[in-house]
$ cat target_0.cif   # mmCIF, C-alpha atoms
data_coords
#
loop_
_atom_site.label_atom_id
_atom_site.label_comp_id
_atom_site.auth_asym_id
_atom_site.auth_seq_id
_atom_site.Cartn_x
_atom_site.Cartn_y
_atom_site.Cartn_z
CA MET A 1 0.00 0.00 0.00
CA LYS A 2 2.82 2.38 0.84
CA LYS A 3 4.44 1.86 -2.56
CA ALA A 4 1.10 2.35 -4.30
CA TRP A 5 0.52 5.55 -2.32
CA SER A 6 4.00 6.78 -3.28
CA CYS A 7 3.16 6.20 -6.91
CA ILE A 8 -0.09 8.17 -6.58
CA LEU A 9 1.75 11.01 -4.89
CA ALA A 10 4.38 11.07 -7.62
CA VAL A 11 1.77 11.22 -10.38
CA CYS A 12 -0.06 14.02 -8.59
CA MET A 13 3.23 15.85 -8.16
CA MET A 14 3.93 15.52 -11.88
CA VAL A 15 0.51 16.90 -12.86
CA ALA A 16 0.82 19.81 -10.46
CA MET A 17 4.22 20.71 -11.81
CA PHE A 18 3.05 20.78 -15.40
CA ALA A 19 0.07 22.92 -14.46
CA SER A 20 2.25 25.55 -12.80
CA CYS A 21 5.20 25.39 -15.15
CA THR A 22 5.91 28.65 -17.01
CA PRO A 23 9.69 29.09 -17.22
CA SER A 24 10.56 32.57 -18.36
CA THR A 25 12.58 31.54 -21.40
CA ASN A 26 14.28 28.63 -23.08
CA ASN A 27 17.87 27.53 -22.52
CA ASN A 28 19.45 30.01 -24.86
CA GLY A 29 17.58 33.24 -24.24
CA GLY A 30 17.90 35.83 -21.48
CA GLU A 31 17.40 35.79 -17.75
CA LYS A 32 15.56 32.93 -16.10
CA ASP A 33 13.61 33.10 -12.86
CA VAL A 34 14.13 29.43 -12.04
CA ILE A 35 16.50 26.61 -12.85
CA VAL A 36 14.55 23.92 -14.69
CA ILE A 37 15.48 20.26 -14.28
CA GLY A 38 13.53 18.03 -16.63
CA MET A 39 13.10 14.43 -15.53
CA LEU A 40 11.96 11.33 -17.39
CA ALA A 41 10.80 8.39 -15.26
CA PRO A 42 8.26 5.55 -15.44
CA LEU A 43 5.70 6.61 -12.85
CA THR A 44 3.21 4.06 -14.20
CA GLY A 45 3.64 0.74 -15.95
CA GLU A 46 5.64 -2.41 -15.24
CA VAL A 47 8.75 -0.64 -13.91
CA ALA A 48 6.94 2.11 -12.01
CA LEU A 49 8.52 0.96 -8.73
CA TYR A 50 11.90 2.10 -10.04
CA GLY A 51 10.67 5.33 -11.57
CA VAL A 52 8.68 6.43 -8.54
CA ALA A 53 11.66 5.77 -6.26
CA ALA A 54 14.03 7.76 -8.48
CA ALA A 55 11.52 10.61 -8.80
CA ASN A 56 10.87 10.70 -5.07
CA GLY A 57 14.59 10.88 -4.35
CA ALA A 58 15.04 13.68 -6.87
CA GLN A 59 12.09 15.64 -5.49
CA LEU A 60 13.41 15.29 -1.95
CA ALA A 61 16.73 16.80 -3.04
CA VAL A 62 15.02 19.67 -4.88
CA ASP A 63 12.87 20.44 -1.85
CA GLU A 64 15.95 20.53 0.39
CA ILE A 65 17.84 22.77 -2.01
CA ASN A 66 14.96 25.21 -2.38
CA ALA A 67 14.44 25.34 1.38
CA ASN A 68 18.09 26.37 1.70
CA GLY A 69 17.92 29.21 -0.81
CA GLY A 70 18.13 27.37 -4.11
CA ILE A 71 21.18 27.35 -6.39
CA ASN A 72 23.04 30.63 -6.85
CA GLY A 73 19.97 32.41 -5.49
CA ARG A 74 17.52 30.77 -7.91
CA GLN A 75 14.83 28.27 -7.01
CA VAL A 76 14.80 24.90 -8.75
CA GLN A 77 11.80 23.54 -10.63
CA LEU A 78 11.63 19.77 -11.23
CA ILE A 79 9.33 18.83 -14.12
CA ILE A 80 8.68 15.09 -14.31
CA VAL A 81 7.26 13.32 -17.36
CA ASP A 82 5.87 9.81 -16.96
CA GLU A 83 7.31 7.81 -19.87
CA LYS A 84 5.69 4.54 -18.69
CA GLY A 85 8.90 2.57 -19.31
CA ASP A 86 8.42 2.98 -23.06
CA VAL A 87 11.00 4.19 -25.57
CA THR A 88 8.52 6.14 -27.71
CA GLU A 89 6.97 7.78 -24.64
CA ALA A 90 10.46 8.73 -23.45
CA VAL A 91 11.35 10.36 -26.78
CA ASN A 92 8.06 12.29 -26.79
CA GLY A 93 8.62 13.28 -23.17
CA TYR A 94 12.07 14.58 -24.00
CA GLU A 95 10.63 16.84 -26.69
CA LYS A 96 8.01 18.16 -24.23
CA LEU A 97 10.71 18.96 -21.68
CA MET A 98 12.79 20.78 -24.28
CA GLU A 99 9.72 22.88 -25.11
CA GLN A 100 9.38 23.64 -21.38
CA GLY A 101 12.88 25.13 -21.40
CA MET A 102 14.75 22.62 -19.26
CA ASP A 103 18.37 23.48 -18.45
CA VAL A 104 19.47 19.91 -17.77
CA LEU A 105 17.93 16.46 -18.17
CA LEU A 106 17.69 13.97 -15.31
CA GLY A 107 16.86 10.53 -16.64
CA ASP A 108 15.86 8.26 -17.96
CA VAL A 109 15.61 5.41 -15.46
CA THR A 110 15.84 2.11 -17.36
CA SER A 111 18.47 1.51 -19.98
CA LYS A 112 16.57 1.27 -23.30
CA PRO A 113 14.62 4.55 -22.95
CA THR A 114 17.74 6.19 -21.53
CA LEU A 115 19.82 5.22 -24.56
CA ALA A 116 17.15 6.48 -26.97
CA VAL A 117 16.92 9.83 -25.21
CA ALA A 118 20.71 10.11 -24.83
CA GLU A 119 21.03 10.11 -28.62
CA LEU A 120 18.68 13.10 -28.81
CA ALA A 121 20.41 14.91 -25.95
CA ALA A 122 23.77 14.38 -27.61
CA GLU A 123 22.47 15.99 -30.81
CA ASP A 124 21.06 18.96 -28.89
CA GLY A 125 24.10 19.23 -26.62
CA ILE A 126 22.03 19.50 -23.43
CA PRO A 127 23.69 18.03 -20.31
CA MET A 128 22.00 14.78 -19.29
CA ILE A 129 22.54 12.50 -16.30
CA THR A 130 20.81 9.17 -15.83
CA PRO A 131 20.54 8.13 -12.20
CA THR A 132 20.13 4.41 -12.91
CA GLY A 133 20.78 3.45 -16.55
CA THR A 134 23.53 0.81 -16.38
CA ALA A 135 24.00 -0.14 -20.06
CA ALA A 136 27.61 0.64 -20.96
CA ALA A 137 26.67 2.24 -24.30
CA ILE A 138 24.68 5.10 -22.73
CA THR A 139 27.62 7.34 -21.94
CA ASP A 140 29.36 6.47 -25.22
CA VAL A 141 26.79 8.55 -27.10
CA GLY A 142 28.28 11.95 -26.32
CA PRO A 143 30.48 13.97 -23.93
CA ASN A 144 27.41 15.63 -22.39
CA ILE A 145 25.93 12.31 -21.14
CA PHE A 146 26.64 11.20 -17.56
CA ARG A 147 25.40 8.57 -15.14
CA THR A 148 25.24 8.33 -11.32
CA CYS A 149 25.02 4.54 -11.02
CA PHE A 150 27.97 2.24 -11.55
CA THR A 151 28.03 -0.01 -14.61
CA ASP A 152 27.81 -3.79 -14.66
CA PRO A 153 31.51 -4.26 -15.57
CA PHE A 154 32.43 -1.94 -12.68
CA GLN A 155 30.66 -4.33 -10.31
CA GLY A 156 32.68 -7.25 -11.65
CA ARG A 157 35.93 -5.42 -11.07
CA THR A 158 34.85 -4.37 -7.59
CA LEU A 159 34.01 -7.96 -6.65
CA ALA A 160 37.52 -9.06 -7.69
CA VAL A 161 39.12 -6.37 -5.52
CA PHE A 162 36.86 -7.31 -2.60
CA ALA A 163 37.65 -11.04 -2.94
CA SER A 164 41.36 -10.30 -2.88
CA ASP A 165 41.66 -7.44 -0.40
CA ASN A 166 38.79 -8.07 1.99
CA LEU A 167 38.25 -11.82 1.86
CA GLY A 168 41.91 -12.69 1.38
CA ALA A 169 41.00 -15.26 -1.27
CA THR A 170 43.48 -16.97 -3.55
CA ASN A 171 41.42 -19.57 -5.43
CA VAL A 172 38.02 -18.53 -6.78
CA ALA A 173 35.37 -20.09 -8.99
CA VAL A 174 33.09 -18.23 -11.39
CA MET A 175 29.59 -19.48 -12.17
CA TYR A 176 27.36 -17.55 -14.58
CA ASP A 177 24.32 -17.63 -16.86
CA THR A 178 25.37 -17.77 -20.53
CA GLY A 179 22.01 -16.40 -21.65
CA SER A 180 22.17 -13.20 -19.59
CA ASP A 181 24.17 -10.16 -20.71
CA TYR A 182 24.13 -8.98 -17.09
CA SER A 183 25.53 -12.24 -15.70
CA ALA A 184 28.06 -12.88 -18.47
CA GLY A 185 29.21 -9.24 -18.48
CA VAL A 186 29.87 -9.09 -14.75
CA ALA A 187 31.64 -12.46 -14.93
CA ALA A 188 33.91 -11.32 -17.77
CA ALA A 189 34.87 -8.16 -15.89
CA PHE A 190 35.57 -10.15 -12.74
CA ILE A 191 37.80 -12.62 -14.59
CA GLU A 192 39.77 -9.81 -16.20
CA GLU A 193 40.32 -7.98 -12.91
CA ALA A 194 41.09 -11.25 -11.10
CA GLY A 195 44.29 -11.49 -13.13
CA VAL A 196 45.31 -8.01 -12.00
CA GLN A 197 44.56 -8.88 -8.37
CA GLY A 198 46.50 -12.16 -8.47
CA LEU A 199 43.46 -14.39 -8.01
CA ASN A 200 43.47 -17.91 -9.44
CA ILE A 201 40.33 -18.88 -11.38
CA VAL A 202 40.26 -22.58 -10.48
CA ALA A 203 36.84 -23.27 -11.98
CA GLU A 204 34.60 -21.55 -14.52
CA GLU A 205 31.13 -23.04 -14.79
CA SER A 206 28.04 -21.91 -16.70
CA TYR A 207 24.33 -22.69 -16.81
CA GLY A 208 21.22 -21.76 -18.78
CA GLU A 209 18.55 -19.26 -17.84
CA SER A 210 15.96 -21.94 -17.05
CA ASP A 211 18.29 -24.25 -15.10
CA VAL A 212 17.39 -25.01 -11.49
CA ASP A 213 19.76 -27.90 -10.68
CA PHE A 214 23.37 -26.80 -10.20
CA LYS A 215 24.77 -29.83 -8.39
CA THR A 216 27.06 -30.84 -11.27
CA GLN A 217 28.66 -27.39 -11.52
CA LEU A 218 28.90 -27.01 -7.76
CA THR A 219 30.54 -30.42 -7.32
CA LYS A 220 33.23 -29.45 -9.83
CA ILE A 221 33.73 -26.14 -8.03
CA ILE A 222 34.07 -27.78 -4.63
CA ASN A 223 36.54 -30.33 -6.02
CA SER A 224 38.60 -27.47 -7.51
CA GLY A 225 39.43 -26.14 -4.05
CA ALA A 226 37.74 -22.80 -4.59
CA GLU A 227 37.47 -20.64 -1.49
CA VAL A 228 34.94 -18.25 -3.04
CA ILE A 229 32.16 -18.67 -5.60
CA VAL A 230 31.48 -15.63 -7.76
CA LEU A 231 27.86 -15.77 -8.91
CA PRO A 232 26.80 -12.78 -11.05
CA ASP A 233 23.03 -13.25 -11.16
CA TYR A 234 19.75 -12.15 -9.58
CA TYR A 235 18.42 -13.07 -6.16
CA GLY A 236 16.26 -16.00 -7.29
CA LYS A 237 19.20 -17.90 -8.77
CA ALA A 238 21.45 -16.82 -5.92
CA ALA A 239 19.03 -18.41 -3.44
CA LEU A 240 18.87 -21.68 -5.40
CA VAL A 241 22.65 -21.90 -5.73
CA ALA A 242 23.20 -21.08 -2.05
CA VAL A 243 20.82 -23.82 -0.90
CA GLN A 244 22.45 -26.42 -3.14
CA ALA A 245 26.03 -25.32 -2.43
CA ARG A 246 25.55 -25.53 1.33
CA ALA A 247 23.84 -28.93 0.99
CA LEU A 248 26.96 -30.18 -0.82
CA GLY A 249 29.19 -28.89 2.00
CA PHE A 250 30.53 -25.63 0.57
CA THR A 251 31.08 -23.18 3.43
CA GLY A 252 33.08 -20.53 1.63
CA ALA A 253 31.86 -17.10 0.55
CA ILE A 254 29.34 -16.72 -2.26
CA ILE A 255 29.59 -13.23 -3.75
CA GLY A 256 27.67 -11.38 -6.42
CA PRO A 257 26.39 -8.06 -7.80
CA ASP A 258 23.40 -5.89 -6.92
CA GLY A 259 21.08 -8.56 -8.31
CA PHE A 260 21.53 -10.38 -4.98
CA ASP A 261 19.37 -7.74 -3.31
CA GLY A 262 16.28 -9.75 -2.29
CA VAL A 263 17.96 -13.11 -1.71
CA ILE A 264 16.90 -13.17 1.95
CA GLU A 265 13.25 -12.97 0.92
CA SER A 266 13.83 -15.86 -1.52
CA VAL A 267 15.01 -18.37 1.09
CA ASP A 268 12.80 -20.28 3.52
CA ALA A 269 12.96 -18.68 6.95
CA ASN A 270 13.81 -22.05 8.49
CA ASN A 271 16.81 -22.43 6.18
CA MET A 272 18.25 -18.94 6.48
CA GLN A 273 21.70 -20.21 7.46
CA VAL A 274 22.39 -21.02 3.80
CA THR A 275 22.75 -17.29 3.15
CA ASN A 276 25.50 -16.88 5.73
CA ASN A 277 28.81 -15.76 4.25
CA MET A 278 27.14 -14.23 1.22
CA TYR A 279 28.20 -10.77 0.01
CA TYR A 280 27.00 -8.47 -2.74
CA THR A 281 27.72 -5.05 -4.19
CA ASN A 282 25.10 -2.32 -4.05
CA HIS A 283 24.79 1.40 -4.59
CA PHE A 284 24.32 2.10 -0.90
CA PHE A 285 23.36 0.40 2.36
CA ASP A 286 20.32 1.72 4.18
CA GLY A 287 21.84 0.83 7.55
CA ASP A 288 24.96 2.92 6.89
CA GLU A 289 25.42 5.36 9.78
CA THR A 290 27.45 7.87 7.73
CA PRO A 291 25.69 11.24 8.29
CA VAL A 292 24.87 11.87 4.63
CA VAL A 293 23.24 8.42 4.38
CA ALA A 294 21.49 8.49 7.74
CA ASP A 295 20.06 11.97 7.09
CA PHE A 296 18.82 10.96 3.65
CA ILE A 297 17.07 7.87 5.00
CA ALA A 298 15.43 9.79 7.85
CA ASN A 299 14.24 12.57 5.56
CA TYR A 300 13.00 10.14 2.92
CA GLU A 301 11.01 8.15 5.48
CA ALA A 302 9.51 11.37 6.82
CA ALA A 303 8.49 12.47 3.32
CA TYR A 304 7.24 9.19 1.88
CA GLY A 305 6.58 6.85 4.81
CA GLU A 306 8.88 4.05 3.62
CA ARG A 307 12.53 3.05 3.41
CA PRO A 308 14.27 4.22 0.23
CA LEU A 309 15.38 1.89 -2.54
CA SER A 310 18.77 2.41 -4.15
CA PHE A 311 16.95 4.06 -7.08
CA ALA A 312 15.78 6.78 -4.69
CA ALA A 313 19.30 7.36 -3.42
CA LEU A 314 20.60 7.61 -6.99
CA GLY A 315 17.88 10.09 -7.96
CA TYR A 316 18.74 12.16 -4.90
CA ASP A 317 22.48 12.17 -5.62
CA SER A 318 21.86 13.09 -9.25
CA VAL A 319 20.18 16.35 -8.26
CA TYR A 320 23.08 17.27 -5.99
CA ILE A 321 25.50 16.56 -8.85
CA ILE A 322 23.48 18.96 -11.00
CA LYS A 323 23.53 21.51 -8.17
CA ALA A 324 27.33 21.33 -7.88
CA ALA A 325 27.73 21.76 -11.64
CA ILE A 326 25.39 24.77 -11.83
CA GLU A 327 27.13 26.40 -8.87
CA ASP A 328 30.45 26.00 -10.67
CA ALA A 329 29.05 27.28 -13.98
CA GLY A 330 27.61 30.37 -12.29
CA GLU A 331 25.66 32.75 -14.52
CA GLU A 332 26.75 30.76 -17.59
CA TYR A 333 24.79 27.67 -16.51
CA THR A 334 22.36 28.12 -19.42
CA ASP A 335 25.22 27.55 -21.85
CA TYR A 336 25.12 23.80 -22.50
CA ALA A 337 28.86 23.53 -23.15
CA VAL A 338 29.77 25.39 -19.97
CA LEU A 339 27.42 23.29 -17.84
CA THR A 340 28.68 20.06 -19.41
CA GLU A 341 32.26 21.02 -18.61
CA ALA A 342 31.28 21.91 -15.04
CA MET A 343 29.51 18.59 -14.57
CA SER A 344 32.52 16.64 -15.80
CA ASN A 345 34.60 18.22 -13.01
CA VAL A 346 32.25 17.84 -10.02
CA SER A 347 33.06 16.05 -6.79
CA VAL A 348 30.03 15.31 -4.62
CA GLU A 349 29.79 13.45 -1.32
CA GLY A 350 26.60 11.57 -1.99
CA VAL A 351 24.47 8.90 -0.41
CA THR A 352 25.86 6.39 -2.92
CA GLY A 353 29.49 7.44 -2.44
CA THR A 354 31.85 10.32 -3.15
CA ILE A 355 31.26 10.86 -6.84
CA THR A 356 33.52 12.17 -9.59
CA PHE A 357 33.42 11.29 -13.29
CA ASP A 358 35.86 9.61 -15.65
CA ASP A 359 36.40 10.73 -19.24
CA GLU A 360 33.36 8.72 -20.39
CA GLY A 361 30.94 10.30 -17.92
CA ASN A 362 30.82 7.26 -15.65
CA PRO A 363 31.13 7.72 -11.89
CA ILE A 364 34.29 7.03 -9.97
CA LYS A 365 33.09 6.19 -6.48
CA SER A 366 33.16 3.62 -3.75
CA VAL A 367 30.80 0.65 -3.82
CA SER A 368 29.01 -0.68 -0.74
CA VAL A 369 29.54 -4.40 -0.17
CA ILE A 370 26.81 -5.93 1.97
CA LYS A 371 27.20 -9.06 4.07
CA ILE A 372 24.37 -11.46 4.88
CA GLU A 373 24.49 -13.34 8.18
CA ASP A 374 21.60 -15.02 10.03
CA GLY A 375 19.08 -13.30 7.81
CA GLN A 376 20.47 -9.86 8.59
CA GLN A 377 22.44 -7.49 6.38
CA THR A 378 25.41 -5.40 7.46
CA LEU A 379 27.86 -3.16 5.65
CA ALA A 380 30.97 -5.27 5.12
CA ALA A 381 33.09 -2.67 3.34
CA LYS A 382 33.16 0.27 0.98
CA VAL A 383 35.43 -0.67 -1.88
CA SER A 384 37.08 1.85 -4.18
CA ILE A 385 38.88 0.97 -7.40
CA GLU A 386 40.79 3.15 -9.84
#
$ encode --input "target_0.cif" --output "structure tokens"
Amino acid sequence: MKKAWSCILAVCMMVAMFASCTPSTNNNGGEKDVIVIGMLAPLTGEVALYGVAAANGAQLAVDEINANGGINGRQVQLIIVDEKGDVTEAVNGYEKLMEQGMDVLLGDVTSKPTLAVAELAAEDGIPMITPTGTAAAITDVGPNIFRTCFTDPFQGRTLAVFASDNLGATNVAVMYDTGSDYSAGVAAAFIEEAGVQGLNIVAEESYGESDVDFKTQLTKIINSGAEVIVLPDYYGKAALVAVQARALGFTGAIIGPDGFDGVIESVDANNMQVTNNMYYTNHFFDGDETPVVADFIANYEAAYGERPLSFAALGYDSVYIIKAAIEDAGEEYTDYAVLTEAMSNVSVEGVTGTITFDDEGNPIKSVSVIKIEDGQQTLAAKVSIE
């Protein structure tokens, strides 16, 4: 009910914003009374959970900024278009936001609409930052395209550093789904970084998307002497593999990417011990007591009555990245080239890490690694890689 109510609130917020939106001019003409951030997000449809979370996080940041005097003395207006998780709707929404005179684009949320819109933004030159689009190709489109989330290959590299530096592993096994770009991509990045970190890949096993019996692969892994199993997949498969691995006697660490989020809910409560010694990367940990994280969580709960998803944290951080860039650009913030240059040089202490950008517009930041033990999650480490 809370999530449904959040969605209703977000849609109402969007309608209200469009009704009151009359920016004084477009991006290239004269003084402006407000700074306009245009946002694309699926507020309805199959992936509305993600879009509403990202929009709520962004709105929370805008409200905080405006309450503290705005940016360079100007208030910020967030205009959100519901693109329903659809590429065509996203393209149409982008055109509407350009007509509304947006200064910078926040969005989109999922990768396919984000990539479609990025191509338009690159042609127009307008600075764009996606909070959550992970497809590697998004930031390849143009120098004015940025992202707040880490990419899938970045997770693979981070897992290799964590296995070496934090777990002290020497021999590791990799087990992945050949039919999933996500799984195979993270695995490939892990294997590449494992060589740099001095890890020995003693077993490399694969499976199909519909497979549910992994005893053959796990038996080979156990016989290889692996201390750690790297499993780049989603929580459903992670739960199945954990149950079967523990039944075969494997007690070592099972580690994976952000797809593990939800594995606890996928295991029988009476068998929760199978998830012990599992670790996964994520954008942030909602039990982190760092002030910037704790304050965000408290404020988000007060505003929306629920704990924030990582999509909310990424939407929130994205607005503060935009704020830092506009502050640096000063009165020239309406010049796309100036604002793009300013954004490429920001450094922001965010909920999801201290964020700077590489030459491709991808974030350089720490990654939270979460440990599961007795059905509880704790922050195991924050891992940074160059």
$ resolve_selection --input "target_0.cif" --expression "the PyMOL selection byres ((chain A and resi 151) around 8)" --output "list of chain:residue names"
A:Thr134, A:Ala135, A:Ala136, A:Cys149, A:Phe150, A:Asp152, A:Pro153, A:Phe154, A:Gln155, A:Asn362
$ resolve_selection --input "target_0.cif" --expression "the PyMOL selection byres ((chain A and resi 168) around 12)" --output "PyMOL selection string"
chain A and resi 160-167+169-172+197-199+227-228+252-253
$ resolve_selection --input "target_0.cif" --expression "the PyMOL selection byres ((chain A and resi 235-244) around 6)" --output "VMD selection string"
chain A and resid 234 245 to 247 259 to 260 262 to 263 274
$ closest_residue --input "target_0.cif" --among "A:Asp140, A:Asp124, A:Asp261, A:Asp181" --to "A:Asp335" --atoms "all atoms listed in the file"
A:Asp124
$ closest_residue --input "target_0.cif" --among "A:Val369, A:Leu218, A:Ile326, A:Val212" --to "A:Gly73" --atoms "only C-alpha atoms"
A:Ile326
$ residues_around --input "target_0.cif" --residues "A:Lys382" --least-positions-apart "4" --cutoff "8 Å" --atoms "only C-alpha atoms" --output "VMD selection string"
chain A and resid 366 to 369
$ residues_around --input "target_0.cif" --residues "stretch 285-296 of chain A" --least-positions-apart "2" --cutoff "9 Å" --atoms "all atoms listed in the file" --output "PyMOL selection string"
chain A and resi 60+282-283+298-301+307-310+313+316+349-352+368-370+377-379
$ closest_residue --input "target_0.cif" --among "A:Asn68, A:Thr88, A:Thr251, A:Asn271" --to "A:Gly225" --atoms "all atoms listed in the file"
A:Thr251
